[in-house]
>>> print(open('run08.pdb').read())   # PDB, C-alpha atoms
ATOM      1  CA  MET M   1     -45.431 -14.097 -12.465
ATOM      2  CA  SER M   2     -42.227 -12.418 -11.456
ATOM      3  CA  ALA M   3     -39.028 -13.494  -9.799
ATOM      4  CA  VAL M   4     -35.920 -11.597  -8.851
ATOM      5  CA  LEU M   5     -32.593 -13.419  -8.697
ATOM      6  CA  SER M   6     -29.765 -12.183  -6.507
ATOM      7  CA  PRO M   7     -26.266 -13.452  -7.257
ATOM      8  CA  GLU M   8     -24.131 -15.287  -4.744
ATOM      9  CA  PRO M   9     -20.334 -15.061  -4.833
ATOM     10  CA  LEU M  10     -18.790 -17.454  -7.339
ATOM     11  CA  THR M  11     -16.881 -20.279  -5.649
ATOM     12  CA  LYS M  12     -15.549 -23.594  -6.911
ATOM     13  CA  ASP M  13     -17.797 -25.520  -4.539
ATOM     14  CA  ALA M  14     -20.981 -23.703  -5.444
ATOM     15  CA  PHE M  15     -20.263 -23.898  -9.164
ATOM     16  CA  ALA M  16     -19.121 -27.532  -9.206
ATOM     17  CA  PRO M  17     -22.429 -28.901 -10.591
ATOM     18  CA  PHE M  18     -22.088 -26.612 -13.602
ATOM     19  CA  GLY M  19     -18.406 -26.836 -14.508
ATOM     20  CA  ASP M  20     -15.118 -25.291 -13.443
ATOM     21  CA  VAL M  21     -14.167 -21.969 -11.910
ATOM     22  CA  ILE M  22     -10.966 -20.877 -13.656
ATOM     23  CA  GLU M  23      -8.884 -19.039 -11.073
ATOM     24  CA  MET M  24      -5.439 -18.981  -9.570
ATOM     25  CA  ALA M  25      -6.756 -19.116  -6.013
ATOM     26  CA  GLY M  26      -6.452 -22.640  -4.708
ATOM     27  CA  ALA M  27      -4.965 -24.005  -7.930
ATOM     28  CA  HIS M  28      -2.022 -26.364  -8.261
ATOM     29  CA  HIS M  29       0.993 -24.353  -9.400
ATOM     30  CA  TYR M  30       4.711 -24.765  -9.898
ATOM     31  CA  PRO M  31       7.651 -22.766 -11.232
ATOM     32  CA  ILE M  32       8.780 -23.001 -14.844
ATOM     33  CA  ASN M  33      10.993 -20.924 -17.148
ATOM     34  CA  GLN M  34      14.058 -20.839 -14.887
ATOM     35  CA  GLY M  35      11.906 -19.670 -12.008
ATOM     36  CA  THR M  36      10.603 -16.550 -13.754
ATOM     37  CA  THR M  37       7.097 -17.939 -14.331
ATOM     38  CA  GLU M  38       4.616 -19.735 -12.113
ATOM     39  CA  ARG M  39       2.312 -22.151 -13.932
ATOM     40  CA  TYR M  40      -1.201 -22.499 -12.495
ATOM     41  CA  HIS M  41      -1.870 -25.754 -14.215
ATOM     42  CA  ASN M  42      -4.900 -27.219 -15.931
ATOM     43  CA  LEU M  43      -7.674 -25.089 -14.482
ATOM     44  CA  ALA M  44     -10.590 -26.489 -16.507
ATOM     45  CA  ASN M  45     -11.855 -29.759 -17.928
ATOM     46  CA  VAL M  46     -11.957 -28.853 -21.600
ATOM     47  CA  ASP M  47     -14.139 -31.357 -23.467
ATOM     48  CA  VAL M  48     -14.577 -30.398 -27.106
ATOM     49  CA  ALA M  49     -13.453 -33.429 -29.104
ATOM     50  CA  SER M  50     -16.772 -35.225 -29.589
ATOM     51  CA  GLN M  51     -18.016 -35.659 -33.159
ATOM     52  CA  ASP M  52     -14.788 -34.382 -34.699
ATOM     53  CA  GLY M  53     -14.843 -31.248 -32.603
ATOM     54  CA  GLN M  54     -11.804 -29.076 -32.063
ATOM     55  CA  PRO M  55     -10.895 -26.287 -29.634
ATOM     56  CA  LEU M  56     -11.464 -22.704 -30.733
ATOM     57  CA  ILE M  57      -9.991 -19.592 -29.152
ATOM     58  CA  SER M  58     -12.172 -16.520 -29.638
ATOM     59  CA  ILE M  59     -12.786 -13.192 -27.921
ATOM     60  CA  PHE M  60     -16.255 -12.035 -26.885
ATOM     61  CA  ARG M  61     -16.865  -8.326 -26.353
ATOM     62  CA  GLY M  62     -19.914  -7.907 -24.130
ATOM     63  CA  GLN M  63     -22.134  -4.911 -23.470
ATOM     64  CA  PRO M  64     -24.208  -4.408 -20.331
ATOM     65  CA  ARG M  65     -27.987  -4.710 -20.295
ATOM     66  CA  PRO M  66     -30.302  -2.374 -18.359
ATOM     67  CA  MET M  67     -30.541  -3.077 -14.635
ATOM     68  CA  PRO M  68     -32.190  -5.099 -13.251
ATOM     69  CA  ILE M  69     -31.434  -7.486 -16.103
ATOM     70  CA  GLU M  70     -34.444  -9.094 -17.739
ATOM     71  CA  LEU M  71     -33.557 -12.749 -18.326
ATOM     72  CA  VAL M  72     -35.044 -13.784 -21.645
ATOM     73  CA  LEU M  73     -33.493 -17.091 -22.562
ATOM     74  CA  MET M  74     -31.082 -19.814 -21.525
ATOM     75  CA  GLU M  75     -28.809 -21.870 -23.729
ATOM     76  CA  ARG M  76     -26.668 -24.976 -23.581
ATOM     77  CA  HIS M  77     -24.017 -26.674 -25.685
ATOM     78  CA  PRO M  78     -24.532 -30.436 -25.998
ATOM     79  CA  LEU M  79     -21.288 -31.148 -27.846
ATOM     80  CA  GLY M  80     -18.668 -29.220 -25.916
ATOM     81  CA  THR M  81     -17.575 -27.216 -22.940
ATOM     82  CA  GLN M  82     -17.337 -23.425 -23.169
ATOM     83  CA  ALA M  83     -14.813 -21.454 -21.136
ATOM     84  CA  PHE M  84     -14.933 -17.709 -20.418
ATOM     85  CA  TYR M  85     -12.096 -15.731 -18.856
ATOM     86  CA  PRO M  86     -12.334 -11.929 -18.333
ATOM     87  CA  LEU M  87      -9.698  -9.725 -19.950
ATOM     88  CA  GLN M  88     -10.379  -6.775 -17.667
ATOM     89  CA  ASP M  89     -10.503  -6.942 -13.896
ATOM     90  CA  ARG M  90     -14.255  -6.345 -13.679
ATOM     91  CA  ASP M  91     -16.950  -8.285 -11.875
ATOM     92  CA  TRP M  92     -19.473 -10.068 -14.091
ATOM     93  CA  LEU M  93     -22.616 -12.165 -13.679
ATOM     94  CA  LEU M  94     -23.696 -15.725 -14.482
ATOM     95  CA  VAL M  95     -26.996 -17.564 -14.371
ATOM     96  CA  VAL M  96     -27.250 -21.346 -14.584
ATOM     97  CA  SER M  97     -29.972 -23.889 -13.899
ATOM     98  CA  VAL M  98     -30.018 -26.959 -11.700
ATOM     99  CA  ALA M  99     -33.248 -28.079 -13.386
ATOM    100  CA  SER M 100     -33.457 -30.202 -16.519
ATOM    101  CA  ASP M 101     -35.800 -27.552 -17.917
ATOM    102  CA  PRO M 102     -34.557 -24.012 -17.194
ATOM    103  CA  ARG M 103     -38.119 -22.712 -17.528
ATOM    104  CA  ASP M 104     -38.529 -24.145 -14.044
ATOM    105  CA  ILE M 105     -37.399 -20.868 -12.572
ATOM    106  CA  ASP M 106     -36.978 -22.309  -9.099
ATOM    107  CA  GLY M 107     -33.918 -24.048 -10.513
ATOM    108  CA  LEU M 108     -32.120 -20.881 -11.593
ATOM    109  CA  ARG M 109     -28.922 -19.943  -9.741
ATOM    110  CA  ALA M 110     -27.060 -16.658 -10.155
ATOM    111  CA  PHE M 111     -23.403 -15.935  -9.394
ATOM    112  CA  ARG M 112     -21.294 -12.809  -9.306
ATOM    113  CA  ALA M 113     -17.736 -13.487 -10.487
ATOM    114  CA  THR M 114     -14.755 -11.268  -9.890
ATOM    115  CA  GLY M 115     -12.532 -10.039 -12.688
ATOM    116  CA  VAL M 116      -9.989 -12.742 -11.888
ATOM    117  CA  GLN M 117     -12.473 -15.596 -12.160
ATOM    118  CA  GLY M 118     -13.466 -17.381 -15.328
ATOM    119  CA  VAL M 119     -15.723 -20.369 -15.764
ATOM    120  CA  ASN M 120     -15.879 -23.412 -17.992
ATOM    121  CA  TYR M 121     -19.467 -24.529 -18.533
ATOM    122  CA  ALA M 122     -19.761 -28.297 -18.695
ATOM    123  CA  ARG M 123     -21.574 -29.852 -21.656
ATOM    124  CA  ASN M 124     -25.347 -29.587 -21.483
ATOM    125  CA  VAL M 125     -25.350 -27.111 -18.596
ATOM    126  CA  TRP M 126     -28.091 -24.545 -19.119
ATOM    127  CA  HIS M 127     -26.670 -21.049 -18.770
ATOM    128  CA  HIS M 128     -27.581 -17.509 -19.647
ATOM    129  CA  PRO M 129     -25.620 -15.733 -22.393
ATOM    130  CA  LEU M 130     -22.762 -13.499 -21.229
ATOM    131  CA  LEU M 131     -23.736 -10.843 -18.656
ATOM    132  CA  VAL M 132     -21.336  -7.975 -18.072
ATOM    133  CA  LEU M 133     -21.557  -4.856 -15.950
ATOM    134  CA  GLU M 134     -19.475  -2.385 -17.972
ATOM    135  CA  PRO M 135     -19.236  -1.466 -21.662
ATOM    136  CA  ASP M 136     -16.730  -3.256 -23.885
ATOM    137  CA  SER M 137     -16.019  -6.089 -21.466
ATOM    138  CA  ASP M 138     -13.844  -8.654 -23.211
ATOM    139  CA  PHE M 139     -13.482 -12.363 -22.508
ATOM    140  CA  LEU M 140     -11.196 -15.007 -23.929
ATOM    141  CA  ILE M 141     -13.332 -17.986 -24.958
ATOM    142  CA  VAL M 142     -12.307 -21.607 -25.421
ATOM    143  CA  ASP M 143     -15.120 -23.612 -26.948
ATOM    144  CA  ARG M 144     -15.834 -26.153 -29.654
ATOM    145  CA  GLY M 145     -15.861 -25.882 -33.406
ATOM    146  CA  GLY M 146     -16.890 -28.666 -35.743
ATOM    147  CA  PRO M 147     -19.856 -30.454 -37.236
ATOM    148  CA  GLY M 148     -23.182 -30.866 -35.489
ATOM    149  CA  ASP M 149     -25.638 -28.576 -33.744
ATOM    150  CA  ASN M 150     -23.988 -27.394 -30.541
ATOM    151  CA  LEU M 151     -26.554 -24.789 -29.451
ATOM    152  CA  GLU M 152     -29.930 -25.223 -27.792
ATOM    153  CA  GLU M 153     -31.952 -22.273 -26.565
ATOM    154  CA  VAL M 154     -35.167 -21.988 -24.575
ATOM    155  CA  LEU M 155     -37.181 -18.890 -23.760
ATOM    156  CA  LEU M 156     -37.770 -18.199 -20.099
ATOM    157  CA  PRO M 157     -41.160 -17.159 -18.738
ATOM    158  CA  GLU M 158     -41.567 -13.400 -18.664
ATOM    159  CA  GLY M 159     -40.797 -11.496 -15.510
ATOM    160  CA  VAL M 160     -37.537 -13.081 -14.367
ATOM    161  CA  THR M 161     -34.957 -10.446 -13.507
ATOM    162  CA  LEU M 162     -31.443 -10.407 -12.066
ATOM    163  CA  GLU M 163     -29.965  -7.915  -9.644
ATOM    164  CA  ALA M 164     -26.280  -7.063  -9.887
ATOM    165  CA  GLY M 165     -25.505  -7.851  -6.253
ATOM    166  CA  GLN M 166     -22.444  -6.607  -4.448
ATOM    167  CA  SER M 167     -18.778  -6.809  -5.263
ATOM    168  CA  ALA M 168     -17.026  -9.520  -3.259
TER     169      ALA M 168
ATOM    170  CA  MET C   9      30.517 -12.971 -29.173
ATOM    171  CA  SER C  10      27.651 -10.691 -28.391
ATOM    172  CA  ALA C  11      24.437  -9.732 -30.116
ATOM    173  CA  VAL C  12      21.665  -7.335 -29.149
ATOM    174  CA  LEU C  13      18.151  -7.963 -30.387
ATOM    175  CA  SER C  14      15.656  -5.128 -30.763
ATOM    176  CA  PRO C  15      11.991  -6.023 -30.978
ATOM    177  CA  GLU C  16       9.795  -5.055 -33.889
ATOM    178  CA  PRO C  17       6.057  -4.461 -33.422
ATOM    179  CA  LEU C  18       4.039  -7.677 -33.440
ATOM    180  CA  THR C  19       1.857  -8.003 -36.533
ATOM    181  CA  LYS C  20       0.008 -10.922 -38.066
ATOM    182  CA  ASP C  21       2.095 -10.746 -41.217
ATOM    183  CA  ALA C  22       5.453 -10.665 -39.486
ATOM    184  CA  PHE C  23       4.480 -13.446 -37.087
ATOM    185  CA  ALA C  24       2.845 -15.709 -39.693
ATOM    186  CA  PRO C  25       5.831 -18.087 -39.996
ATOM    187  CA  PHE C  26       5.628 -18.773 -36.243
ATOM    188  CA  GLY C  27       1.903 -19.087 -35.591
ATOM    189  CA  ASP C  28      -1.068 -16.822 -34.952
ATOM    190  CA  VAL C  29      -1.436 -13.383 -33.445
ATOM    191  CA  ILE C  30      -4.558 -13.516 -31.278
ATOM    192  CA  GLU C  31      -6.200 -10.109 -31.484
ATOM    193  CA  MET C  32      -9.516  -8.477 -32.241
ATOM    194  CA  ALA C  33      -8.008  -6.117 -34.805
ATOM    195  CA  GLY C  34      -8.721  -7.407 -38.288
ATOM    196  CA  ALA C  35     -10.568 -10.496 -37.049
ATOM    197  CA  HIS C  36     -13.829 -11.874 -38.397
ATOM    198  CA  HIS C  37     -16.607 -10.973 -35.953
ATOM    199  CA  TYR C  38     -20.364 -11.112 -35.708
ATOM    200  CA  PRO C  39     -23.075 -10.365 -33.133
ATOM    201  CA  ILE C  40     -24.468 -13.043 -30.825
ATOM    202  CA  ASN C  41     -26.486 -13.086 -27.599
ATOM    203  CA  GLN C  42     -29.358 -10.914 -28.850
ATOM    204  CA  GLY C  43     -26.901  -8.322 -30.044
ATOM    205  CA  THR C  44     -25.279  -7.757 -26.652
ATOM    206  CA  THR C  45     -22.039  -9.584 -27.513
ATOM    207  CA  GLU C  46     -19.707  -9.451 -30.490
ATOM    208  CA  ARG C  47     -17.878 -12.710 -31.208
ATOM    209  CA  TYR C  48     -14.355 -12.366 -32.652
ATOM    210  CA  HIS C  49     -14.264 -15.854 -33.958
ATOM    211  CA  ASN C  50     -11.572 -18.534 -34.088
ATOM    212  CA  LEU C  51      -8.442 -16.440 -33.639
ATOM    213  CA  ALA C  52      -5.887 -19.264 -33.506
ATOM    214  CA  ASN C  53      -5.179 -22.630 -35.066
ATOM    215  CA  VAL C  54      -5.168 -24.772 -31.964
ATOM    216  CA  ASP C  55      -3.497 -28.100 -32.703
ATOM    217  CA  VAL C  56      -3.162 -30.238 -29.599
ATOM    218  CA  ALA C  57      -4.824 -33.547 -30.445
ATOM    219  CA  SER C  58      -1.822 -35.547 -31.662
ATOM    220  CA  GLN C  59      -0.877 -38.666 -29.680
ATOM    221  CA  ASP C  60      -4.012 -38.501 -27.520
ATOM    222  CA  GLY C  61      -3.357 -34.893 -26.586
ATOM    223  CA  GLN C  62      -6.034 -32.660 -25.138
ATOM    224  CA  PRO C  63      -6.363 -28.905 -24.635
ATOM    225  CA  LEU C  64      -5.382 -27.459 -21.270
ATOM    226  CA  ILE C  65      -6.313 -24.041 -19.921
ATOM    227  CA  SER C  66      -3.758 -22.684 -17.448
ATOM    228  CA  ILE C  67      -2.577 -19.324 -16.160
ATOM    229  CA  PHE C  68       1.081 -18.276 -16.209
ATOM    230  CA  ARG C  69       2.227 -15.516 -13.849
ATOM    231  CA  GLY C  70       5.439 -14.022 -15.219
ATOM    232  CA  GLN C  71       8.094 -11.879 -13.562
ATOM    233  CA  PRO C  72      10.399  -9.499 -15.403
ATOM    234  CA  ARG C  73      14.102 -10.200 -15.898
ATOM    235  CA  PRO C  74      16.818  -7.561 -15.584
ATOM    236  CA  MET C  75      17.194  -5.290 -18.615
ATOM    237  CA  PRO C  76      18.630  -5.833 -21.136
ATOM    238  CA  ILE C  77      17.368  -9.396 -20.970
ATOM    239  CA  GLU C  78      20.019 -12.089 -21.273
ATOM    240  CA  LEU C  79      18.596 -14.795 -23.523
ATOM    241  CA  VAL C  80      19.713 -18.152 -22.178
ATOM    242  CA  LEU C  81      17.665 -20.786 -23.926
ATOM    243  CA  MET C  82      14.982 -21.454 -26.486
ATOM    244  CA  GLU C  83      12.297 -24.131 -26.398
ATOM    245  CA  ARG C  84       9.749 -25.760 -28.677
ATOM    246  CA  HIS C  85       6.762 -28.058 -28.364
ATOM    247  CA  PRO C  86       6.739 -30.822 -30.982
ATOM    248  CA  LEU C  87       3.325 -32.207 -30.072
ATOM    249  CA  GLY C  88       1.121 -29.161 -29.778
ATOM    250  CA  THR C  89       0.502 -25.465 -30.201
ATOM    251  CA  GLN C  90       0.790 -23.134 -27.216
ATOM    252  CA  ALA C  91      -1.302 -19.981 -26.952
ATOM    253  CA  PHE C  92      -0.615 -16.998 -24.658
ATOM    254  CA  TYR C  93      -3.049 -14.146 -24.058
ATOM    255  CA  PRO C  94      -2.246 -11.321 -21.598
ATOM    256  CA  LEU C  95      -4.656 -10.701 -18.714
ATOM    257  CA  GLN C  96      -3.415  -7.184 -18.093
ATOM    258  CA  ASP C  97      -3.090  -4.502 -20.729
ATOM    259  CA  ARG C  98       0.712  -4.464 -20.660
ATOM    260  CA  ASP C  99       3.212  -4.782 -23.480
ATOM    261  CA  TRP C 100       5.318  -7.946 -23.489
ATOM    262  CA  LEU C 101       8.150  -9.452 -25.507
ATOM    263  CA  LEU C 102       8.680 -12.524 -27.690
ATOM    264  CA  VAL C 103      11.699 -14.107 -29.334
ATOM    265  CA  VAL C 104      11.400 -16.773 -32.024
ATOM    266  CA  SER C 105      13.773 -18.306 -34.530
ATOM    267  CA  VAL C 106      13.532 -18.702 -38.282
ATOM    268  CA  ALA C 107      16.450 -21.129 -38.191
ATOM    269  CA  SER C 108      16.182 -24.868 -37.692
ATOM    270  CA  ASP C 109      18.769 -24.493 -34.940
ATOM    271  CA  PRO C 110      18.104 -21.478 -32.708
ATOM    272  CA  ARG C 111      21.781 -21.375 -31.742
ATOM    273  CA  ASP C 112      22.200 -19.775 -35.162
ATOM    274  CA  ILE C 113      21.626 -16.388 -33.635
ATOM    275  CA  ASP C 114      21.232 -14.684 -36.989
ATOM    276  CA  GLY C 115      17.869 -16.462 -37.154
ATOM    277  CA  LEU C 116      16.471 -14.932 -33.970
ATOM    278  CA  ARG C 117      13.558 -12.501 -34.316
ATOM    279  CA  ALA C 118      12.144 -10.394 -31.476
ATOM    280  CA  PHE C 119       8.691  -8.840 -31.214
ATOM    281  CA  ARG C 120       7.050  -6.439 -28.811
ATOM    282  CA  ALA C 121       3.355  -7.273 -28.321
ATOM    283  CA  THR C 122       0.752  -4.938 -26.884
ATOM    284  CA  GLY C 123      -1.455  -5.889 -23.963
ATOM    285  CA  VAL C 124      -4.293  -6.731 -26.354
ATOM    286  CA  GLN C 125      -2.253  -9.160 -28.428
ATOM    287  CA  GLY C 126      -1.722 -12.812 -27.715
ATOM    288  CA  VAL C 127       0.081 -15.409 -29.782
ATOM    289  CA  ASN C 128      -0.322 -19.071 -30.570
ATOM    290  CA  TYR C 129       3.027 -20.704 -31.255
ATOM    291  CA  ALA C 130       2.781 -23.336 -33.960
ATOM    292  CA  ARG C 131       4.167 -26.807 -33.268
ATOM    293  CA  ASN C 132       7.931 -27.025 -33.412
ATOM    294  CA  VAL C 133       8.481 -23.271 -33.507
ATOM    295  CA  TRP C 134      11.498 -22.353 -31.420
ATOM    296  CA  HIS C 135      10.605 -19.603 -28.958
ATOM    297  CA  HIS C 136      11.961 -18.075 -25.810
ATOM    298  CA  PRO C 137      10.101 -18.675 -22.532
ATOM    299  CA  LEU C 138       7.661 -15.942 -21.472
ATOM    300  CA  LEU C 139       9.140 -12.434 -21.282
ATOM    301  CA  VAL C 140       7.207  -9.779 -19.386
ATOM    302  CA  LEU C 141       7.986  -6.190 -18.498
ATOM    303  CA  GLU C 142       6.144  -5.766 -15.181
ATOM    304  CA  PRO C 143       5.806  -7.874 -12.031
ATOM    305  CA  ASP C 144       2.938 -10.351 -11.724
ATOM    306  CA  SER C 145       2.002 -10.318 -15.391
ATOM    307  CA  ASP C 146      -0.613 -12.985 -15.999
ATOM    308  CA  PHE C 147      -1.441 -14.854 -19.193
ATOM    309  CA  LEU C 148      -4.152 -17.316 -20.065
ATOM    310  CA  ILE C 149      -2.523 -20.323 -21.727
ATOM    311  CA  VAL C 150      -4.073 -22.905 -24.036
ATOM    312  CA  ASP C 151      -1.672 -25.735 -24.699
ATOM    313  CA  ARG C 152      -1.474 -29.511 -24.835
ATOM    314  CA  GLY C 153      -1.678 -32.134 -22.132
ATOM    315  CA  GLY C 154      -1.195 -35.827 -22.710
ATOM    316  CA  PRO C 155       1.408 -38.533 -23.214
ATOM    317  CA  GLY C 156       4.744 -37.948 -24.903
ATOM    318  CA  ASP C 157       7.596 -35.517 -24.523
ATOM    319  CA  ASN C 158       6.333 -32.142 -25.667
ATOM    320  CA  LEU C 159       9.301 -29.980 -24.625
ATOM    321  CA  GLU C 160      12.675 -29.494 -26.253
ATOM    322  CA  GLU C 161      15.163 -26.945 -25.009
ATOM    323  CA  VAL C 162      18.514 -25.717 -26.316
ATOM    324  CA  LEU C 163      20.981 -23.377 -24.689
ATOM    325  CA  LEU C 164      21.893 -20.278 -26.646
ATOM    326  CA  PRO C 165      25.464 -19.052 -26.991
ATOM    327  CA  GLU C 166      26.401 -16.591 -24.277
ATOM    328  CA  GLY C 167      26.094 -12.896 -24.922
ATOM    329  CA  VAL C 168      22.724 -12.632 -26.672
ATOM    330  CA  THR C 169      20.604  -9.900 -25.128
ATOM    331  CA  LEU C 170      17.236  -8.309 -25.834
ATOM    332  CA  GLU C 171      16.265  -4.673 -25.508
ATOM    333  CA  ALA C 172      12.716  -3.770 -24.470
ATOM    334  CA  GLY C 173      12.086  -1.496 -27.435
ATOM    335  CA  GLN C 174       9.348   1.089 -27.528
ATOM    336  CA  SER C 175       5.630   0.876 -26.898
ATOM    337  CA  ALA C 176       3.629   0.838 -30.148
TER     338      ALA C 176
END
>>> encode(input="run08.pdb", output="structure tokens")
Amino acid sequence: MSAVLSPEPLTKDAFAPFGDVIEMAGAHHYPINQGTTERYHNLANVDVASQDGQPLISIFRGQPRPMPIELVLMERHPLGTQAFYPLQDRDWLLVVSVASDPRDIDGLRAFRATGVQGVNYARNVWHHPLLVLEPDSDFLIVDRGGPGDNLEEVLLPEGVTLEAGQSA
Amino acid sequence: MSAVLSPEPLTKDAFAPFGDVIEMAGAHHYPINQGTTERYHNLANVDVASQDGQPLISIFRGQPRPMPIELVLMERHPLGTQAFYPLQDRDWLLVVSVASDPRDIDGLRAFRATGVQGVNYARNVWHHPLLVLEPDSDFLIVDRGGPGDNLEEVLLPEGVTLEAGQSA
């Protein structure tokens, strides 16, 4: 079996079943700091408090995989959301699943984000680990720390690959 | 009266009384995602849960002020930490106070951060609103939403200015 995924552009509407797109475009904003700063307010539904959870701020440094990318596994976090925001203005890739079992490869959806788009995966949303297109691509992460097992992983069938697609 | 502040380089040690420096340098890190990602783990002590608070992710877009910068007021957040991380690799400036009353200008301390350094202001730490050096300088913010008054401001005496200092 083989399947090739092609990413679609990341938009709030298309990503809504999976969480939030963190971006200034279209966001509610207002001036603060004597007019010298514009606040683009509350761009994600952070949900990390269950079972004595607390928010963590971390940085992930990602490395690209060979193209086309062989998709090996999917993961999800049952106890908390996980937000990614790019620290360089570089496109990056996401894969999520609309199916309850991500091994149902017909349910996989791929997105290409710009370098000014982050995402916040909702709890229990199956997603592929970070996929970047250039070496040393850094992301600020807001996810959950605390007790409990917050990681589930499943192996995908062999032969599922992802193309990079085109810059928006 | 007049006073001119000159920033010192931002370091974890120097900033420790005021909160966390969010940076990869010196941080605990370990590989994840089949070795394709390095996680620089838990870089800030986020503390936003008091009085039914919750973490917010926002973006601030800052504009520079005329140089030298006239410092007009200081603020603090009694109910939660506030983290700033730059989204462009540009130096930026911070002013905090070691005094219980920031109008005691002898207590003011200024720092120049690099574009790969963020900070997380601890609760109740007096700090100046965002100070950037270039137009449209964006920061990812993690702070507190929820009930209660989480902002205090005090006006500084006239005549306190800040130099930009030198890039590290």
>>> interface_residues(input="run08.pdb", of="chain C", to="chain M", cutoff="9 Å", atoms="all atoms listed in the file", output="ChimeraX atom specification")
/C:30-32,40-57,62-73,91,93-97,124,137-139,148,150,153
>>> atom_distance(input="run08.pdb", atom1="atom CA of Pro86 of chain C", atom2="atom CA of Asn158 of chain C")
5.5 Å
>>> resolve_selection(input="run08.pdb", expression="the PyMOL selection byres ((chain C and resi 14-17) around 12)", output="ChimeraX atom specification")
/C:11-13,18-23,29,76-77,99-104,116-122,125,139,168-176
>>> write_last_selection(input="run08.pdb", atoms="C-alpha atoms", output="PDB file, keeping the file's coordinate frame")
ATOM      1  CA  ALA C  11      24.437  -9.732 -30.116  1.00  0.00           C
ATOM      2  CA  VAL C  12      21.665  -7.335 -29.149  1.00  0.00           C
ATOM      3  CA  LEU C  13      18.151  -7.963 -30.387  1.00  0.00           C
ATOM      4  CA  LEU C  18       4.039  -7.677 -33.440  1.00  0.00           C
ATOM      5  CA  THR C  19       1.857  -8.003 -36.533  1.00  0.00           C
ATOM      6  CA  LYS C  20       0.008 -10.922 -38.066  1.00  0.00           C
ATOM      7  CA  ASP C  21       2.095 -10.746 -41.217  1.00  0.00           C
ATOM      8  CA  ALA C  22       5.453 -10.665 -39.486  1.00  0.00           C
ATOM      9  CA  PHE C  23       4.480 -13.446 -37.087  1.00  0.00           C
ATOM     10  CA  VAL C  29      -1.436 -13.383 -33.445  1.00  0.00           C
ATOM     11  CA  PRO C  76      18.630  -5.833 -21.136  1.00  0.00           C
ATOM     12  CA  ILE C  77      17.368  -9.396 -20.970  1.00  0.00           C
ATOM     13  CA  ASP C  99       3.212  -4.782 -23.480  1.00  0.00           C
ATOM     14  CA  TRP C 100       5.318  -7.946 -23.489  1.00  0.00           C
ATOM     15  CA  LEU C 101       8.150  -9.452 -25.507  1.00  0.00           C
ATOM     16  CA  LEU C 102       8.680 -12.524 -27.690  1.00  0.00           C
ATOM     17  CA  VAL C 103      11.699 -14.107 -29.334  1.00  0.00           C
ATOM     18  CA  VAL C 104      11.400 -16.773 -32.024  1.00  0.00           C
ATOM     19  CA  LEU C 116      16.471 -14.932 -33.970  1.00  0.00           C
ATOM     20  CA  ARG C 117      13.558 -12.501 -34.316  1.00  0.00           C
ATOM     21  CA  ALA C 118      12.144 -10.394 -31.476  1.00  0.00           C
ATOM     22  CA  PHE C 119       8.691  -8.840 -31.214  1.00  0.00           C
ATOM     23  CA  ARG C 120       7.050  -6.439 -28.811  1.00  0.00           C
ATOM     24  CA  ALA C 121       3.355  -7.273 -28.321  1.00  0.00           C
ATOM     25  CA  THR C 122       0.752  -4.938 -26.884  1.00  0.00           C
ATOM     26  CA  GLN C 125      -2.253  -9.160 -28.428  1.00  0.00           C
ATOM     27  CA  LEU C 139       9.140 -12.434 -21.282  1.00  0.00           C
ATOM     28  CA  VAL C 168      22.724 -12.632 -26.672  1.00  0.00           C
ATOM     29  CA  THR C 169      20.604  -9.900 -25.128  1.00  0.00           C
ATOM     30  CA  LEU C 170      17.236  -8.309 -25.834  1.00  0.00           C
ATOM     31  CA  GLU C 171      16.265  -4.673 -25.508  1.00  0.00           C
ATOM     32  CA  ALA C 172      12.716  -3.770 -24.470  1.00  0.00           C
ATOM     33  CA  GLY C 173      12.086  -1.496 -27.435  1.00  0.00           C
ATOM     34  CA  GLN C 174       9.348   1.089 -27.528  1.00  0.00           C
ATOM     35  CA  SER C 175       5.630   0.876 -26.898  1.00  0.00           C
ATOM     36  CA  ALA C 176       3.629   0.838 -30.148  1.00  0.00           C
TER      37      ALA C 176
END
>>> atom_distance(input="run08.pdb", atom1="atom CA of Glu158 of chain M", atom2="atom CA of Ile105 of chain M")
10.5 Å
>>> atom_distance(input="run08.pdb", atom1="atom CA of Val119 of chain M", atom2="atom CA of Gly156 of chain C")
28.5 Å
>>> resolve_selection(input="run08.pdb", expression="the PyMOL selection byres ((chain C and resi 129) around 9)", output="list in words")
Phe26, Gly27, Asp28, Val29, Arg84, His85, Gly88, Thr89, Gln90, Ala91, Phe92, Val127, Asn128, Ala130, Arg131, Asn132, Val133, Trp134 and His135 of chain C
>>> axis_aligned_box(input="run08.pdb", around="segment 13-25 of chain M", padding_each_side="3 Å", output="lines of an AutoDock Vina configuration file")
center_x = -13.9
center_y = -23.9
center_z = -9.5
size_x = 23.0
size_y = 15.9
size_z = 16.0
>>> closest_residue(input="run08.pdb", among="C:Val106, C:Ala24, C:Arg111, C:Leu87", to="Gly167 of chain C", atoms="all atoms listed in the file")
C:Arg111
